[in-house]
Number of protein chains: 2
Amino acid sequence: MKHVVLRLPIVFLFLVYVGVGAAQDPLPSWNETAAKKAIVAFVERVSREGSPDFVPVPERIATFDNDGTLWSEKPVPFQLAFALDRVKALAPEHPEWKTNEPFASLLKGDMKGVAASGEKGVLEIVAATHTGMTTDEFSKTVQDWVVTAKHPATGRLYTEMVYQPMLELLAYLRANGFKTFIVSGGGVEFMRPWTERVYGIPPEQVVGSAGKLKLEVREGKPVLVKLPQVDLIDDKEGKPVGIQSRIGRRPIAAFGNSDGDLQMLQWATSGSGARFALFVHHDDAKREFAYDRNDKLQQFNKGWDEAVAKGWTVVSMKDDWKKIYPPK
Amino acid sequence: MKHVVLRLPIVFLFLVYVGVGAAQDPLPSWNETAAKKAIVAFVERVSREGSPDFVPVPERIATFDNDGTLWSEKPVPFQLAFALDRVKALAPEHPEWKTNEPFASLLKGDMKGVAASGEKGVLEIVAATHTGMTTDEFSKTVQDWVVTAKHPATGRLYTEMVYQPMLELLAYLRANGFKTFIVSGGGVEFMRPWTERVYGIPPEQVVGSAGKLKLEVREGKPVLVKLPQVDLIDDKEGKPVGIQSRIGRRPIAAFGNSDGDLQMLQWATSGSGARFALFVHHDDAKREFAYDRNDKLQQFNKGWDEAVAKGWTVVSMKDDWKKIYPPK
């Protein structure tokens, strides 16, 4: 090879270099198991010119759940950790929280007491921590939190608990003409301040649950105020709704980890032509967290059954991934 | 120049060619007036490396109103022409429309009778023509309509009544790293089937008014059904809300033509750094339609006053544009 290369002008050397680059393993943190083979086979089917399953670049839409699919979600979803931190930070301005539930339990560290307040209690925490301020103010609060708050078990920043194999998968898809979107039950305004830096996914490609917004003028300038009314619950049946209302195209590939993602995977795979669906299965208690189909939340049962029935790809974090998190 | 070029290898010839290409006028349908100069000056300010007003590529978001800004809107907004055509097409399935208003007037061609039914009547027409079907069915209906229906005065397809100078502006912005979005009071599901082909703007970059959607299973497959409840009115105060909920970034440039766009232009220009706002003024009765600030709808008055006060750019279609529509 060296002999040939020496006789070629520099522009061809460059092409050879690019060719070598493309031939390198784009998914080095994935073991050589069925999951990786299924991903690569799908991408080649839809992106190779002349393939009977070729899909034009603009239609290569891939949607990813966030919690449990791109980053960890235990012991509590990270947005809830943010909300709890916000309650503590805001407590001095709210003396009434010392006696009002669920805030009183929360401030005492009594998570069972918080849980006892049920969905109503969680909604009160969300309202107190996610509404009333402007979108710019909220974004700033989130940005400050993600660069300082650390996970209690790993000591990592939460944004350092993203899955290295999924970061490689996002980059691999984009290198093959895919546009990658997040479609998450988490709050859209909570994710957008950091998804571009962490995942390479810009704010306009993030779909999530959202509250209503109201345009006001404050100090002579227009601001958008976050209201405590729901605009979109981007979970379960809400995911295809969020995809259609925000993206307007049906994805050809979808990635999730729980029954909250099932309708998104059904939506993606029910279109015509080549389709791909993948569930991340949390079975790695040693390196991450294990919450199986027999988990008391049963959040993986329906998805598992459908994945088996339809031949979707199920990723075992234990067996299919060489690494979980990026190097620190 | 020829002498120098001959001594350079082919790769440099290529670079020279690209350089020549870039130096060609990117806005040939614009006269050499203040509006064009303001556009070019802004784009150069934000895109030239080292400029004090340089804006990184991901933040170069530009939002465009559609009706009256990218295509014509007279004698009626084109989506209303679509709705009227749909009423006629669906009439055989609705014998009751022969006696029920506003359908009875509409089917008799009595537009004054339709107008007499007021906003309620218009909403009934919208509900009858835009809801009840799946998103896929509606998209197909729109696609069929835009390739056949013709404007009563010009005999052109409606999609041939887009503004050539604005097509050039969209391309010029994209060539300089901008991501171009539509943010329109028109229906998002009405625009998305053709904006990519006509404007080069993909569905996921179209924000518009929208009804609620419901996931159902029909014949074993998931579908999204268009409901008669409003999800977003993407007009006036709703435009910044639509921008934030769907795009999640404040545009640095915004383009409109009426008071329905004013809040979008205020929102775009109230951010920090270099900002650009432009109103298209319909003052060309000969080549398009003239509806001035003194128009009975008074849809341009507030925007005009603010444009003058803040130094925004107002485009006179008569004086600033060489052409209105693309060649047939």
# chains A, B, ... in the order shown; residues from 1 in each chain; ligands from 1
>>> closest_atom_pairs(of="chain A", to="chain B", cutoff="6 Å", atoms="only C-alpha atoms", output="JSON lines")
{"residue": "A:Pro203", "atom": "CA", "partner": "B:Gly248", "partner_atom": "CA", "distance": 5.5}
{"residue": "A:Glu204", "atom": "CA", "partner": "B:Ile247", "partner_atom": "CA", "distance": 4.2}
{"residue": "A:Arg246", "atom": "CA", "partner": "B:Arg246", "partner_atom": "CA", "distance": 5.8}
{"residue": "A:Ile247", "atom": "CA", "partner": "B:Glu204", "partner_atom": "CA", "distance": 4.2}
{"residue": "A:Gly248", "atom": "CA", "partner": "B:Pro203", "partner_atom": "CA", "distance": 5.5}
>>> write_last_selection(atoms="all heavy atoms", output="PDB file, in the first residue's frame")
ATOM      1  N   PRO A 203     -31.118  22.231  20.858  1.00  0.00           N
ATOM      2  CA  PRO A 203     -32.412  22.435  21.523  1.00  0.00           C
ATOM      3  C   PRO A 203     -33.606  22.165  20.627  1.00  0.00           C
ATOM      4  O   PRO A 203     -34.608  21.600  21.084  1.00  0.00           O
ATOM      5  CB  PRO A 203     -32.377  23.915  21.926  1.00  0.00           C
ATOM      6  CG  PRO A 203     -30.952  24.292  21.965  1.00  0.00           C
ATOM      7  CD  PRO A 203     -30.214  23.385  21.029  1.00  0.00           C
ATOM      8  N   GLU A 204     -33.505  22.556  19.344  1.00  0.00           N
ATOM      9  CA  GLU A 204     -34.647  22.404  18.448  1.00  0.00           C
ATOM     10  C   GLU A 204     -34.887  20.944  18.077  1.00  0.00           C
ATOM     11  O   GLU A 204     -35.882  20.634  17.422  1.00  0.00           O
ATOM     12  CB  GLU A 204     -34.476  23.278  17.200  1.00  0.00           C
ATOM     13  CG  GLU A 204     -33.262  22.948  16.340  1.00  0.00           C
ATOM     14  CD  GLU A 204     -32.007  23.721  16.704  1.00  0.00           C
ATOM     15  OE1 GLU A 204     -31.884  24.165  17.872  1.00  0.00           O
ATOM     16  OE2 GLU A 204     -31.128  23.880  15.834  1.00  0.00           O
ATOM     17  N   ARG A 246     -44.126  18.221  17.050  1.00  0.00           N
ATOM     18  CA  ARG A 246     -42.859  18.966  17.057  1.00  0.00           C
ATOM     19  C   ARG A 246     -41.959  18.636  15.866  1.00  0.00           C
ATOM     20  O   ARG A 246     -41.206  19.490  15.411  1.00  0.00           O
ATOM     21  CB  ARG A 246     -42.074  18.655  18.333  1.00  0.00           C
ATOM     22  CG  ARG A 246     -42.375  19.549  19.526  1.00  0.00           C
ATOM     23  CD  ARG A 246     -43.793  19.510  20.008  1.00  0.00           C
ATOM     24  NE  ARG A 246     -43.963  20.265  21.244  1.00  0.00           N
ATOM     25  CZ  ARG A 246     -45.127  20.552  21.796  1.00  0.00           C
ATOM     26  NH1 ARG A 246     -46.263  20.135  21.232  1.00  0.00           N
ATOM     27  NH2 ARG A 246     -45.200  21.236  22.903  1.00  0.00           N
ATOM     28  N   ILE A 247     -41.977  17.382  15.409  1.00  0.00           N
ATOM     29  CA  ILE A 247     -41.061  16.979  14.331  1.00  0.00           C
ATOM     30  C   ILE A 247     -41.817  16.889  12.997  1.00  0.00           C
ATOM     31  O   ILE A 247     -41.342  17.323  11.964  1.00  0.00           O
ATOM     32  CB  ILE A 247     -40.383  15.625  14.662  1.00  0.00           C
ATOM     33  CG1 ILE A 247     -39.668  15.696  16.025  1.00  0.00           C
ATOM     34  CG2 ILE A 247     -39.404  15.233  13.565  1.00  0.00           C
ATOM     35  CD1 ILE A 247     -39.086  14.374  16.524  1.00  0.00           C
ATOM     36  N   GLY A 248     -43.018  16.295  13.048  1.00  0.00           N
ATOM     37  CA  GLY A 248     -43.821  16.234  11.833  1.00  0.00           C
ATOM     38  C   GLY A 248     -43.412  15.162  10.853  1.00  0.00           C
ATOM     39  O   GLY A 248     -43.873  15.146   9.715  1.00  0.00           O
TER      40      GLY A 248
END
>>> residues_around(residues="range 145-161 of chain B", least_positions_apart="4", cutoff="9 Å", atoms="only C-alpha atoms", output="mmCIF file with N, CA, C and O atoms, in the first residue's frame")
data_model
loop_
_atom_site.group_PDB
_atom_site.id
_atom_site.type_symbol
_atom_site.label_atom_id
_atom_site.label_comp_id
_atom_site.auth_asym_id
_atom_site.auth_seq_id
_atom_site.Cartn_x
_atom_site.Cartn_y
_atom_site.Cartn_z
ATOM 1 N N LEU B 70 -43.742 34.733 2.772
ATOM 2 C CA LEU B 70 -43.078 33.829 1.823
ATOM 3 C C LEU B 70 -43.943 33.555 0.594
ATOM 4 O O LEU B 70 -43.424 33.202 -0.456
ATOM 5 N N TRP B 71 -45.259 33.627 0.751
ATOM 6 C CA TRP B 71 -46.155 33.496 -0.408
ATOM 7 C C TRP B 71 -47.322 34.446 -0.232
ATOM 8 O O TRP B 71 -47.518 35.011 0.853
ATOM 9 N N SER B 72 -48.092 34.642 -1.317
ATOM 10 C CA SER B 72 -49.198 35.595 -1.301
ATOM 11 C C SER B 72 -50.321 35.117 -0.381
ATOM 12 O O SER B 72 -50.350 33.945 0.046
ATOM 13 N N PRO B 75 -56.810 36.632 -2.836
ATOM 14 C CA PRO B 75 -57.850 37.382 -2.115
ATOM 15 C C PRO B 75 -58.191 36.786 -0.753
ATOM 16 O O PRO B 75 -58.762 37.484 0.073
ATOM 17 N N PHE B 78 -54.363 31.245 1.523
ATOM 18 C CA PHE B 78 -54.480 30.074 0.663
ATOM 19 C C PHE B 78 -55.017 28.851 1.406
ATOM 20 O O PHE B 78 -55.621 27.963 0.810
ATOM 21 N N ALA B 81 -58.631 28.950 0.984
ATOM 22 C CA ALA B 81 -59.017 28.442 -0.353
ATOM 23 C C ALA B 81 -59.046 26.907 -0.331
ATOM 24 O O ALA B 81 -59.954 26.280 -0.897
ATOM 25 N N PHE B 82 -58.055 26.314 0.320
ATOM 26 C CA PHE B 82 -58.028 24.851 0.468
ATOM 27 C C PHE B 82 -59.273 24.365 1.212
ATOM 28 O O PHE B 82 -59.945 23.408 0.790
ATOM 29 N N ASP B 85 -62.343 24.543 -0.977
ATOM 30 C CA ASP B 85 -62.325 23.440 -1.946
ATOM 31 C C ASP B 85 -62.695 22.113 -1.276
ATOM 32 O O ASP B 85 -63.374 21.272 -1.866
ATOM 33 N N LYS B 140 -51.977 13.688 2.791
ATOM 34 C CA LYS B 140 -52.218 13.249 1.407
ATOM 35 C C LYS B 140 -53.188 14.222 0.700
ATOM 36 O O LYS B 140 -52.974 14.600 -0.462
ATOM 37 N N THR B 141 -54.224 14.639 1.400
ATOM 38 C CA THR B 141 -55.193 15.574 0.820
ATOM 39 C C THR B 141 -54.516 16.898 0.446
ATOM 40 O O THR B 141 -54.757 17.452 -0.625
ATOM 41 N N TRP B 194 -45.386 20.343 1.930
ATOM 42 C CA TRP B 194 -44.768 20.921 0.724
ATOM 43 C C TRP B 194 -43.651 21.936 1.003
ATOM 44 O O TRP B 194 -42.985 22.391 0.085
ATOM 45 N N VAL B 198 -40.724 23.281 -1.684
ATOM 46 C CA VAL B 198 -40.914 24.644 -2.183
ATOM 47 C C VAL B 198 -39.910 25.632 -1.586
ATOM 48 O O VAL B 198 -39.368 26.484 -2.285
ATOM 49 N N ILE B 324 -41.446 39.305 -8.458
ATOM 50 C CA ILE B 324 -42.274 38.845 -7.343
ATOM 51 C C ILE B 324 -42.236 37.312 -7.293
ATOM 52 O O ILE B 324 -41.806 36.731 -6.299
ATOM 53 N N TYR B 325 -42.676 36.671 -8.360
ATOM 54 C CA TYR B 325 -42.768 35.208 -8.371
ATOM 55 C C TYR B 325 -41.643 34.599 -9.206
ATOM 56 O O TYR B 325 -41.068 35.266 -10.072
ATOM 57 N N PRO B 326 -41.346 33.329 -8.967
ATOM 58 C CA PRO B 326 -40.345 32.650 -9.799
ATOM 59 C C PRO B 326 -40.871 32.530 -11.228
ATOM 60 O O PRO B 326 -42.087 32.576 -11.450
ATOM 61 N N PRO B 327 -39.981 32.341 -12.213
ATOM 62 C CA PRO B 327 -40.474 32.080 -13.571
ATOM 63 C C PRO B 327 -41.323 30.817 -13.562
ATOM 64 O O PRO B 327 -41.065 29.886 -12.798
ATOM 65 N N LYS B 328 -42.358 30.797 -14.392
ATOM 66 C CA LYS B 328 -43.262 29.625 -14.433
ATOM 67 C C LYS B 328 -42.536 28.391 -14.926
ATOM 68 O O LYS B 328 -41.750 28.458 -15.854
#
>>> closest_atom_pairs(of="range 243-283 of chain B", to="range 171-174 of chain B", cutoff="12 Å", atoms="only C-alpha atoms", output="Markdown table")
| residue | atom | partner | partner_atom | distance |
| --- | --- | --- | --- | --- |
| B:Ile252 | CA | B:Leu173 | CA | 11.7 |
| B:Ala253 | CA | B:Leu173 | CA | 10.0 |
| B:Ala254 | CA | B:Leu173 | CA | 11.8 |
>>> closest_residue(among="A:Ala34, A:Ala277, A:Ala83, A:Val183", to="Thr195 in chain A", atoms="only C-alpha atoms")
A:Val183
>>> residues_around(residues="Ser184 in chain A", least_positions_apart="2", cutoff="6 Å", atoms="only C-alpha atoms", output="list in words")
Asp65, Asn66, Gly186 and Gly208 of chain A
>>> write_last_selection(atoms="all heavy atoms", output="mmCIF file, in the first residue's frame")
data_model
loop_
_atom_site.group_PDB
_atom_site.id
_atom_site.type_symbol
_atom_site.label_atom_id
_atom_site.label_comp_id
_atom_site.auth_asym_id
_atom_site.auth_seq_id
_atom_site.Cartn_x
_atom_site.Cartn_y
_atom_site.Cartn_z
ATOM 1 N N ASP A 65 -35.438 8.211 23.615
ATOM 2 C CA ASP A 65 -35.808 8.546 24.982
ATOM 3 C C ASP A 65 -34.547 9.016 25.719
ATOM 4 O O ASP A 65 -33.428 8.681 25.302
ATOM 5 C CB ASP A 65 -36.391 7.297 25.656
ATOM 6 C CG ASP A 65 -36.569 7.511 27.138
ATOM 7 O OD1 ASP A 65 -37.293 8.456 27.508
ATOM 8 O OD2 ASP A 65 -35.983 6.742 27.938
ATOM 9 N N ASN A 66 -34.710 9.747 26.819
ATOM 10 C CA ASN A 66 -33.528 10.203 27.564
ATOM 11 C C ASN A 66 -33.282 9.392 28.842
ATOM 12 O O ASN A 66 -32.295 8.671 28.934
ATOM 13 C CB ASN A 66 -33.657 11.698 27.887
ATOM 14 C CG ASN A 66 -32.387 12.260 28.515
ATOM 15 O OD1 ASN A 66 -31.292 11.900 28.102
ATOM 16 N ND2 ASN A 66 -32.540 13.116 29.506
ATOM 17 N N GLY A 186 -39.217 13.553 30.218
ATOM 18 C CA GLY A 186 -38.631 14.630 31.016
ATOM 19 C C GLY A 186 -39.001 15.987 30.447
ATOM 20 O O GLY A 186 -39.479 16.110 29.319
ATOM 21 N N GLY A 208 -40.004 17.162 24.660
ATOM 22 C CA GLY A 208 -40.184 16.684 26.024
ATOM 23 C C GLY A 208 -41.481 17.192 26.599
ATOM 24 O O GLY A 208 -42.213 17.965 25.959
#
>>> atom_distance(atom1="CA of Ile125 in chain B", atom2="CA of Leu106 in chain B")
9.6 Å
>>> select_by_dssp(residues="range 44-252 of chain A", states="strand (DSSP E or B)", output="PyMOL selection string")
chain A and resi 61-64+67+71+134+150+157+162+179-187+206-218+221-232
>>> decode(residues="range 138-175 of chain A", atoms="N, CA and C atoms", output="CSV table (one decimal), in the first residue's frame")
chain,number,residue,atom,x,y,z
A,138,PHE,N,-35.2,30.0,34.2
A,138,PHE,CA,-35.1,28.6,34.4
A,138,PHE,C,-33.9,27.9,33.8
A,139,SER,N,-33.7,28.3,32.5
A,139,SER,CA,-32.5,27.7,31.8
A,139,SER,C,-31.2,28.0,32.6
A,140,LYS,N,-31.1,29.2,33.1
A,140,LYS,CA,-29.9,29.5,33.9
A,140,LYS,C,-29.7,28.6,35.1
A,141,THR,N,-30.9,28.4,35.8
A,141,THR,CA,-30.8,27.6,37.0
A,141,THR,C,-30.4,26.1,36.6
A,142,VAL,N,-30.9,25.6,35.5
A,142,VAL,CA,-30.5,24.3,35.1
A,142,VAL,C,-29.1,24.2,34.7
A,143,GLN,N,-28.6,25.2,34.0
A,143,GLN,CA,-27.2,25.3,33.6
A,143,GLN,C,-26.3,25.3,34.8
A,144,ASP,N,-26.6,26.0,35.8
A,144,ASP,CA,-25.8,26.1,37.0
A,144,ASP,C,-25.8,24.7,37.8
A,145,TRP,N,-27.0,24.1,37.8
A,145,TRP,CA,-27.1,22.8,38.5
A,145,TRP,C,-26.3,21.7,37.8
A,146,VAL,N,-26.4,21.6,36.5
A,146,VAL,CA,-25.7,20.4,35.9
A,146,VAL,C,-24.2,20.5,35.9
A,147,VAL,N,-23.7,21.7,36.2
A,147,VAL,CA,-22.2,21.7,36.2
A,147,VAL,C,-21.7,21.6,37.7
A,148,THR,N,-22.6,21.5,38.7
A,148,THR,CA,-22.2,21.4,40.1
A,148,THR,C,-22.8,20.2,40.8
A,149,ALA,N,-24.1,19.9,40.6
A,149,ALA,CA,-24.7,18.8,41.3
A,149,ALA,C,-24.1,17.4,41.0
A,150,LYS,N,-23.9,16.6,42.0
A,150,LYS,CA,-23.3,15.3,41.8
A,150,LYS,C,-24.2,14.2,42.3
A,151,HIS,N,-24.1,13.0,41.6
A,151,HIS,CA,-24.9,11.9,41.9
A,151,HIS,C,-24.4,11.3,43.2
A,152,PRO,N,-25.3,10.9,44.1
A,152,PRO,CA,-24.9,10.5,45.5
A,152,PRO,C,-24.1,9.2,45.5
A,153,ALA,N,-24.3,8.3,44.5
A,153,ALA,CA,-23.6,7.1,44.5
A,153,ALA,C,-22.2,7.1,43.8
A,154,THR,N,-22.2,7.8,42.7
A,154,THR,CA,-21.0,7.7,41.8
A,154,THR,C,-20.1,9.0,42.0
A,155,GLY,N,-20.7,10.0,42.6
A,155,GLY,CA,-19.9,11.3,42.7
A,155,GLY,C,-19.6,12.0,41.4
A,156,ARG,N,-20.3,11.5,40.4
A,156,ARG,CA,-20.1,12.1,39.1
A,156,ARG,C,-21.2,13.2,38.9
A,157,LEU,N,-20.8,14.2,38.1
A,157,LEU,CA,-21.9,15.1,37.6
A,157,LEU,C,-22.9,14.2,36.9
A,158,TYR,N,-24.2,14.6,37.0
A,158,TYR,CA,-25.2,13.8,36.3
A,158,TYR,C,-25.0,13.7,34.8
A,159,THR,N,-24.4,14.8,34.2
A,159,THR,CA,-24.2,14.8,32.7
A,159,THR,C,-22.9,13.9,32.4
A,160,GLU,N,-22.3,13.4,33.5
A,160,GLU,CA,-21.2,12.4,33.2
A,160,GLU,C,-21.7,11.0,33.4
A,161,MET,N,-23.0,10.9,33.6
A,161,MET,CA,-23.6,9.5,33.7
A,161,MET,C,-24.5,9.2,32.5
A,162,VAL,N,-24.0,9.7,31.4
A,162,VAL,CA,-24.6,9.4,30.1
A,162,VAL,C,-23.8,8.1,29.6
A,163,TYR,N,-24.5,7.4,28.7
A,163,TYR,CA,-23.9,6.1,28.3
A,163,TYR,C,-23.0,6.2,27.1
A,164,GLN,N,-21.8,5.9,27.3
A,164,GLN,CA,-20.7,6.0,26.3
A,164,GLN,C,-21.2,5.2,25.0
A,165,PRO,N,-21.7,4.0,25.1
A,165,PRO,CA,-22.1,3.3,23.9
A,165,PRO,C,-23.2,4.1,23.1
A,166,MET,N,-24.1,4.8,23.8
A,166,MET,CA,-25.2,5.5,23.2
A,166,MET,C,-24.6,6.8,22.5
A,167,LEU,N,-23.6,7.4,23.2
A,167,LEU,CA,-22.9,8.6,22.6
A,167,LEU,C,-22.3,8.2,21.2
A,168,GLU,N,-21.7,7.0,21.2
A,168,GLU,CA,-21.1,6.5,19.9
A,168,GLU,C,-22.2,6.2,18.9
A,169,LEU,N,-23.3,5.7,19.4
A,169,LEU,CA,-24.5,5.3,18.5
A,169,LEU,C,-25.0,6.6,17.9
A,170,LEU,N,-25.2,7.7,18.7
A,170,LEU,CA,-25.7,9.0,18.2
A,170,LEU,C,-24.7,9.5,17.1
A,171,ALA,N,-23.4,9.4,17.4
A,171,ALA,CA,-22.5,10.0,16.4
A,171,ALA,C,-22.5,9.1,15.1
A,172,TYR,N,-22.6,7.8,15.3
A,172,TYR,CA,-22.6,6.9,14.2
A,172,TYR,C,-23.8,7.2,13.3
A,173,LEU,N,-25.0,7.3,13.9
A,173,LEU,CA,-26.2,7.6,13.1
A,173,LEU,C,-26.0,9.0,12.3
A,174,ARG,N,-25.5,10.0,13.0
A,174,ARG,CA,-25.3,11.3,12.4
A,174,ARG,C,-24.3,11.2,11.3
A,175,ALA,N,-23.3,10.4,11.5
A,175,ALA,CA,-22.3,10.3,10.4
A,175,ALA,C,-22.9,9.6,9.2
